[in-house]
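S.K.: Below is one structure. I have some questions about it.
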Amino acid sequence: MKQMIPLDPAHASRRSSPLGISRLKVWLFVLLLGCLGAVLAQSEDAPYQDPALSTTERVDDLLARMTLEEKVGQMTQVNVSRLMGGGEWDRGPLNEEWLQVILADHQVGSLLSGGGASPVPNTPESWARMTNDLQRYAIENSRLGIPIVYGIDAVHGHNNVVGATIYPHNIGLAASWNPELAERIAQRTARDVRATGIHWNFAPVTDIGRDPRWGRFYETFGEDPYLASAFVEASVRGYQGDDLAAGVAATVKHFVGYGAPLTGQDRTSALIPLRTLREVHLPSAQAGFEAGAATVMINSGSVNGIPAHASGYLLTDLLRDQLGFEGVAVSDWNDIDKLVNNHRVAATYKDAVELSINAGVDMYMVPHDAATYTRTLLELVQEGRVSEARIDEAVRRVLTLKFELGLFEEPYVDESQADDIVREANRSLAYEAAVSSLTLLENFNTLPLEGAQTILVTGPGADSIIAPMGGWTIGWQGVESPSEVPPGVTVLQGLRERAPEGVTVEHVRGNDPAQLGAALESADVAVVVLSEPPYAEMEGDSDTLRLAVDQEEHLRQVLASGKPTVLVLFAGRPILLPDDIRNSRMAFIMAYLPGSEAGSAIADVIYGNANPSGRLPFTWPSHTGQLPLTYDAPATEVAMREAHYPFGYGLSYTRFQQSALSASVAGEAVDVTVTVSNTGDREGTETVMVFVQRPPSGILTPMRQLVGFTQVTLEPGESEEVSLSIPVSRFSIVTGDILGEGERMVVPGTYRLLVGRLQAQVTLGQP
Ligand code: NOJ
């Protein structure tokens, strides 16, 4: 039998006996009733405990047994650091007093580890032990035995856990143009996350990276709605699998329009015409919902003057009524409070809670002060400002999630397995993803290195394992302590381990010009590894897109030596190099944030064991004055704003030719075929990108918009005909006048398909 915890013991003890009998007798009576109630409420054969019943039946039964206080608890999510140590950010052991307050007194239904709130020591096994301990306490102190659902940001592997393999951040993954890789990474991540007792992943990011100044650009799959949709869909499939009870719940985040703040600064206002919202920002979220994502996290910013957390239009009309999403809508961190203190759209916290819950937030990521939130929401229900029906609706969604995750059947995890499952898992997949993302932007016949005897490796990223990881790695802002570092290979290690016979790899650490000058004299070639520091969210906003001046100076000195030079860049966004550097002859590998296998993948590309095939998933601007700059501009803008490197750009060590493009309409699809030939002398992978140019229709449309892509790997001299089947719906646009409220439809007319320099036409939408 579970222990029954009075929800408000202080209040209970103040009550006087209406019958005038002795206090002791009343207590005995209450205790007896309580025990009886608990037995009845949670008897083993209560319908909600029966896995043979449908989720709906179980939810109905459980909901009917719950008090309002218990329901409000299910709508609350607390950061685990609140339950640890002595303060809100102390990673000490679980604290009994706070377990009692959060899990017993307030019946909080969900916990998270936000930004790396990890146990000490940070090992997979101690994560599993911690989540088991929390789960046990929650279940044993819940009258109805309701388990908690635990969430985390495992956005490139199980990235908070030391020992877990780190995969490329999304921006690099998108450069692979291979969503199947994202699906396998998500599957593997789900397994690792679940092995540590965690069931809910706050991923994938579905925001569209339209402005590289934004500190979260690298968390996106780039600027194109269709490319991002393909990666989102694959990721959701990978995280959740066919059976949520064996995977983790995915999160479409952040709903919606978070990726386009006008200033480029995180969480500042976005002004997005409805047409753009629907055509650019919504498709990737919709792809996540269609793939079955169980949850959604709300955009922390505002759109067109309304914070998303207060928008009934976004959270109910659009999300529920139009898109038909039925899962849990969780707030982002502290965002109801921000309606008062940041956005200033609500005068009091109470008004803000009313606004947000009524708009459609089901669960509030508090993240620390559960008491104020639960008390406020209870008052709002008692005052009739939030209806009980709205509470039931939200709790129903949360309970459905818990049942479908199998938490009532298997709330605990085998701690002894966690280390074996998580540690260094699937490094070969991390390698495959890293090597497929590397994008060769310049070469000048420098790469692959052939005939160099002495290679000088230099620059701050050369022997760093932190630089290729970026933010959201162990800590929120990236690795913070040398004692908690993920496994990985640096560029220096990779180049040394893979050096061909007779090749020496020298390394200069630091910025001393004399030392660098001396090392350059005896080098045949220099590999300069530059890097942005790790960052996350607003800490990563950049007005300049520049590297630190000393890094530019370092590269300048190397270039001045006249030695063949390879620049390797770890960065989460396009970086603007000064003109003199940018106009120099050097090879340039954009490495993004490739994770654990950075060094091996980069060394293989440098030595020619791998042929680079990454293609930019964003437009690389020439200067910041052009921002925001994306490839899918209408006719009026295309000609005047030339990119430094265009969307989809990337070089190879071989040459490809595309020929014989044809397109035809086949029912609800457009079939496209094109022949790809490898005319160079190495095996290589080519990405075929199909763009559309739509007919004039009274509405501005992009001069080119991606509607399909595929990849082919060819031996030298080999040719292959590749085919794509593109649903006609992908050619649709949002109709209507300037409000962009019209139907999405395929406007009748002749559509031009563009593949490389080739063109074909199809006629669509004719009766
Ligand atoms: C804030 C971030 O915006 C969100 O992406 C993340 O999931 C939560 N914090 C939890 O860490």
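Chains: A, B, ... in order of the structure tokens. Residues: from 1 per chain. Ligands: from 1, in order shown.
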Got a sec: who's within 9 Å of stretch 120-133 of chain A, counting only C-alpha atoms, leaving out chain neighbours fewer than 3 positions off, as number ranges by chain?
M.R.: A: 91-94, 136-138, 150, 160-164, 192, 195-198, 411-423, 474, 484
S.K.: Output N, CA and C atoms of each residue in that selection to a file, as a short mmCIF file (atom, residue, chain, number, x, y, z; two decimals), in the first residue's frame.
M.R.:
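As written to disk, again35.cif reads:
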data_model
loop_
_atom_site.label_atom_id
_atom_site.label_comp_id
_atom_site.auth_asym_id
_atom_site.auth_seq_id
_atom_site.Cartn_x
_atom_site.Cartn_y
_atom_site.Cartn_z
N ARG A 91 24.71 20.64 -7.63
CA ARG A 91 24.56 19.27 -8.14
C ARG A 91 24.80 18.21 -7.07
N GLY A 92 24.56 18.56 -5.83
CA GLY A 92 24.78 17.59 -4.75
C GLY A 92 23.77 16.45 -4.81
N PRO A 93 23.87 15.50 -3.85
CA PRO A 93 22.94 14.36 -3.84
C PRO A 93 21.49 14.81 -3.66
N LEU A 94 20.56 13.94 -3.97
CA LEU A 94 19.14 14.28 -3.84
C LEU A 94 18.85 14.68 -2.40
N ARG A 136 11.11 6.26 -7.77
CA ARG A 136 10.60 5.48 -6.63
C ARG A 136 9.92 6.41 -5.63
N TYR A 137 10.60 7.51 -5.34
CA TYR A 137 10.03 8.45 -4.36
C TYR A 137 8.68 8.98 -4.87
N ALA A 138 8.65 9.33 -6.17
CA ALA A 138 7.41 9.90 -6.72
C ALA A 138 6.27 8.89 -6.64
N TYR A 150 10.42 12.08 -17.18
CA TYR A 150 11.67 12.85 -17.02
C TYR A 150 12.16 13.31 -18.40
N ASN A 160 24.49 15.19 -22.24
CA ASN A 160 24.83 15.67 -20.89
C ASN A 160 25.62 14.65 -20.10
N VAL A 161 25.70 13.45 -20.62
CA VAL A 161 26.27 12.35 -19.84
C VAL A 161 27.71 12.11 -20.25
N VAL A 162 28.63 12.16 -19.30
CA VAL A 162 30.03 11.92 -19.64
C VAL A 162 30.18 10.45 -20.04
N GLY A 163 30.83 10.24 -21.16
CA GLY A 163 31.00 8.87 -21.66
C GLY A 163 30.13 8.61 -22.88
N ALA A 164 29.07 9.38 -23.03
CA ALA A 164 28.20 9.17 -24.20
C ALA A 164 28.88 9.71 -25.45
N ASP A 192 20.15 5.19 -25.58
CA ASP A 192 21.03 5.65 -24.51
C ASP A 192 20.24 6.42 -23.45
N ALA A 195 18.14 4.18 -21.37
CA ALA A 195 18.95 3.34 -20.46
C ALA A 195 19.28 4.08 -19.17
N THR A 196 19.16 5.39 -19.18
CA THR A 196 19.42 6.15 -17.95
C THR A 196 18.12 6.58 -17.28
N GLY A 197 17.01 5.96 -17.64
CA GLY A 197 15.75 6.22 -16.94
C GLY A 197 15.05 7.50 -17.38
N ILE A 198 15.38 7.97 -18.57
CA ILE A 198 14.79 9.22 -19.08
C ILE A 198 13.90 8.86 -20.28
N PRO A 411 8.47 1.49 -14.62
CA PRO A 411 8.94 2.83 -14.25
C PRO A 411 10.45 2.91 -14.03
N TYR A 412 11.08 1.76 -13.79
CA TYR A 412 12.50 1.79 -13.41
C TYR A 412 13.38 1.22 -14.52
N VAL A 413 14.67 1.46 -14.35
CA VAL A 413 15.63 1.03 -15.35
C VAL A 413 16.71 0.22 -14.65
N ASP A 414 17.35 -0.66 -15.39
CA ASP A 414 18.39 -1.49 -14.78
C ASP A 414 19.69 -0.68 -14.71
N GLU A 415 20.01 -0.24 -13.49
CA GLU A 415 21.18 0.65 -13.32
C GLU A 415 22.47 -0.02 -13.79
N SER A 416 22.55 -1.33 -13.58
CA SER A 416 23.81 -2.01 -13.86
C SER A 416 24.09 -2.09 -15.38
N GLN A 417 23.08 -1.82 -16.19
CA GLN A 417 23.27 -1.89 -17.65
C GLN A 417 23.69 -0.56 -18.26
N ALA A 418 23.44 0.52 -17.53
CA ALA A 418 23.54 1.85 -18.14
C ALA A 418 24.94 2.13 -18.71
N ASP A 419 25.98 1.83 -17.94
CA ASP A 419 27.33 2.13 -18.43
C ASP A 419 27.61 1.39 -19.74
N ASP A 420 27.27 0.11 -19.75
CA ASP A 420 27.58 -0.68 -20.94
C ASP A 420 26.84 -0.16 -22.16
N ILE A 421 25.61 0.24 -21.95
CA ILE A 421 24.83 0.70 -23.11
C ILE A 421 25.32 2.05 -23.63
N VAL A 422 25.60 2.96 -22.69
CA VAL A 422 25.83 4.34 -23.11
C VAL A 422 27.27 4.65 -23.49
N ARG A 423 28.21 4.13 -22.72
CA ARG A 423 29.60 4.56 -22.90
C ARG A 423 30.14 4.30 -24.29
N ILE A 474 27.67 18.20 -22.22
CA ILE A 474 27.87 18.07 -20.78
C ILE A 474 27.16 19.23 -20.08
N GLU A 484 35.16 16.68 -16.72
CA GLU A 484 33.94 16.14 -17.33
C GLU A 484 33.96 16.44 -18.82
#
S.K.: List every residue of stretch 313-448 of chain A that DSSP, applied to the backbone, labels as helix (DSSP H, G or I), and write the result as a PyMOL selection string.
M.R.: chain A and resi 313-322+335-341+349-359+370-382+388-404+415-422+427-437
S.K.: Skip A:Val155 itself and residues of its chain fewer than 3 positions away, then list as an NGL selection string all residues within 9 Å of it, counting only C-alpha atoms.
M.R.: :A and (152 or 158-159 or 167 or 169-170 or 186 or 189 or 201-205 or 219 or 472)
S.K.: Skipping near chain neighbours, those fewer than 6 positions away, what residues fall within 7 Å of A:Met689 using only C-alpha atoms, listed as a ChimeraX atom specification?
M.R.: /A:706,708-710,755
S.K.: Generate a file of the selected residues that holds N, CA, C and O atoms, formatted as a PDB file, in the first residue's frame.
M.R.:
ATOM      1  N   LEU A 706      13.719  24.472 -52.975  1.00  0.00           N
ATOM      2  CA  LEU A 706      14.024  23.042 -52.923  1.00  0.00           C
ATOM      3  C   LEU A 706      12.732  22.244 -52.763  1.00  0.00           C
ATOM      4  O   LEU A 706      11.953  22.496 -51.838  1.00  0.00           O
ATOM      5  N   GLY A 708      13.033  18.614 -53.671  1.00  0.00           N
ATOM      6  CA  GLY A 708      13.434  17.211 -53.585  1.00  0.00           C
ATOM      7  C   GLY A 708      14.947  17.098 -53.608  1.00  0.00           C
ATOM      8  O   GLY A 708      15.634  18.007 -54.081  1.00  0.00           O
ATOM      9  N   PHE A 709      15.480  16.027 -53.042  1.00  0.00           N
ATOM     10  CA  PHE A 709      16.920  15.764 -53.136  1.00  0.00           C
ATOM     11  C   PHE A 709      17.167  14.284 -52.919  1.00  0.00           C
ATOM     12  O   PHE A 709      16.364  13.585 -52.311  1.00  0.00           O
ATOM     13  N   THR A 710      18.286  13.841 -53.470  1.00  0.00           N
ATOM     14  CA  THR A 710      18.691  12.455 -53.225  1.00  0.00           C
ATOM     15  C   THR A 710      20.199  12.380 -53.440  1.00  0.00           C
ATOM     16  O   THR A 710      20.801  13.339 -53.896  1.00  0.00           O
ATOM     17  N   VAL A 755      17.700  21.533 -61.943  1.00  0.00           N
ATOM     18  CA  VAL A 755      18.659  20.605 -61.320  1.00  0.00           C
ATOM     19  C   VAL A 755      20.027  20.995 -61.848  1.00  0.00           C
ATOM     20  O   VAL A 755      20.298  20.834 -63.040  1.00  0.00           O
TER      21      VAL A 755
END
S.K.: Dump the neighbourhood of ligand 1 as a PyMOL selection string: all residues within 6 Å, distances computed on only C-alpha atoms and all ligand atoms.
M.R.: chain A and resi 114-115+153+202+332-333
S.K.: Those same residues, written as a tab-separated table (two decimals), in the first residue's frame with N, CA, C and O atoms?
M.R.:
chain	number	residue	atom	x	y	z
A	114	GLY	N	17.64	20.36	-17.15
A	114	GLY	CA	17.81	21.44	-18.11
A	114	GLY	C	19.27	21.83	-18.15
A	114	GLY	O	19.89	22.02	-17.11
A	115	GLY	N	19.81	21.94	-19.36
A	115	GLY	CA	21.18	22.42	-19.52
A	115	GLY	C	22.20	21.69	-18.67
A	115	GLY	O	23.10	22.31	-18.12
A	153	ASP	N	17.57	17.45	-22.74
A	153	ASP	CA	17.94	17.94	-24.07
A	153	ASP	C	19.05	17.05	-24.63
A	153	ASP	O	20.23	17.39	-24.53
A	202	PHE	N	13.83	16.55	-25.47
A	202	PHE	CA	13.44	17.86	-26.01
A	202	PHE	C	14.17	18.07	-27.34
A	202	PHE	O	15.05	18.92	-27.48
A	332	ASP	N	8.39	26.50	-22.43
A	332	ASP	CA	9.84	26.52	-22.28
A	332	ASP	C	10.13	27.10	-20.89
A	332	ASP	O	9.23	27.51	-20.15
A	333	TRP	N	11.39	27.11	-20.56
A	333	TRP	CA	11.94	27.44	-19.23
A	333	TRP	C	11.39	28.76	-18.67
A	333	TRP	O	11.67	29.81	-19.23
S.K.: Which one is closest to A:Val72: A:Arg396, A:Pro179, A:Trp89, A:His199? Count only C-alpha atoms.
M.R.: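 Closest candidate: A:Arg396.
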S.K.: If you run DSSP on this backbone, which residues of stretch 643-739 of chain A come out as strand (DSSP E or B), and could you give them as a PyMOL selection string?
M.R.: chain A and resi 645+651+656-666+669-678+684-693+702+705-714+719-727+733-734
S.K.: Any idea what the distance is between atom CA of A:His368 and atom CA of A:His254?
M.R.: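 A separation of 20.9 Å between them.
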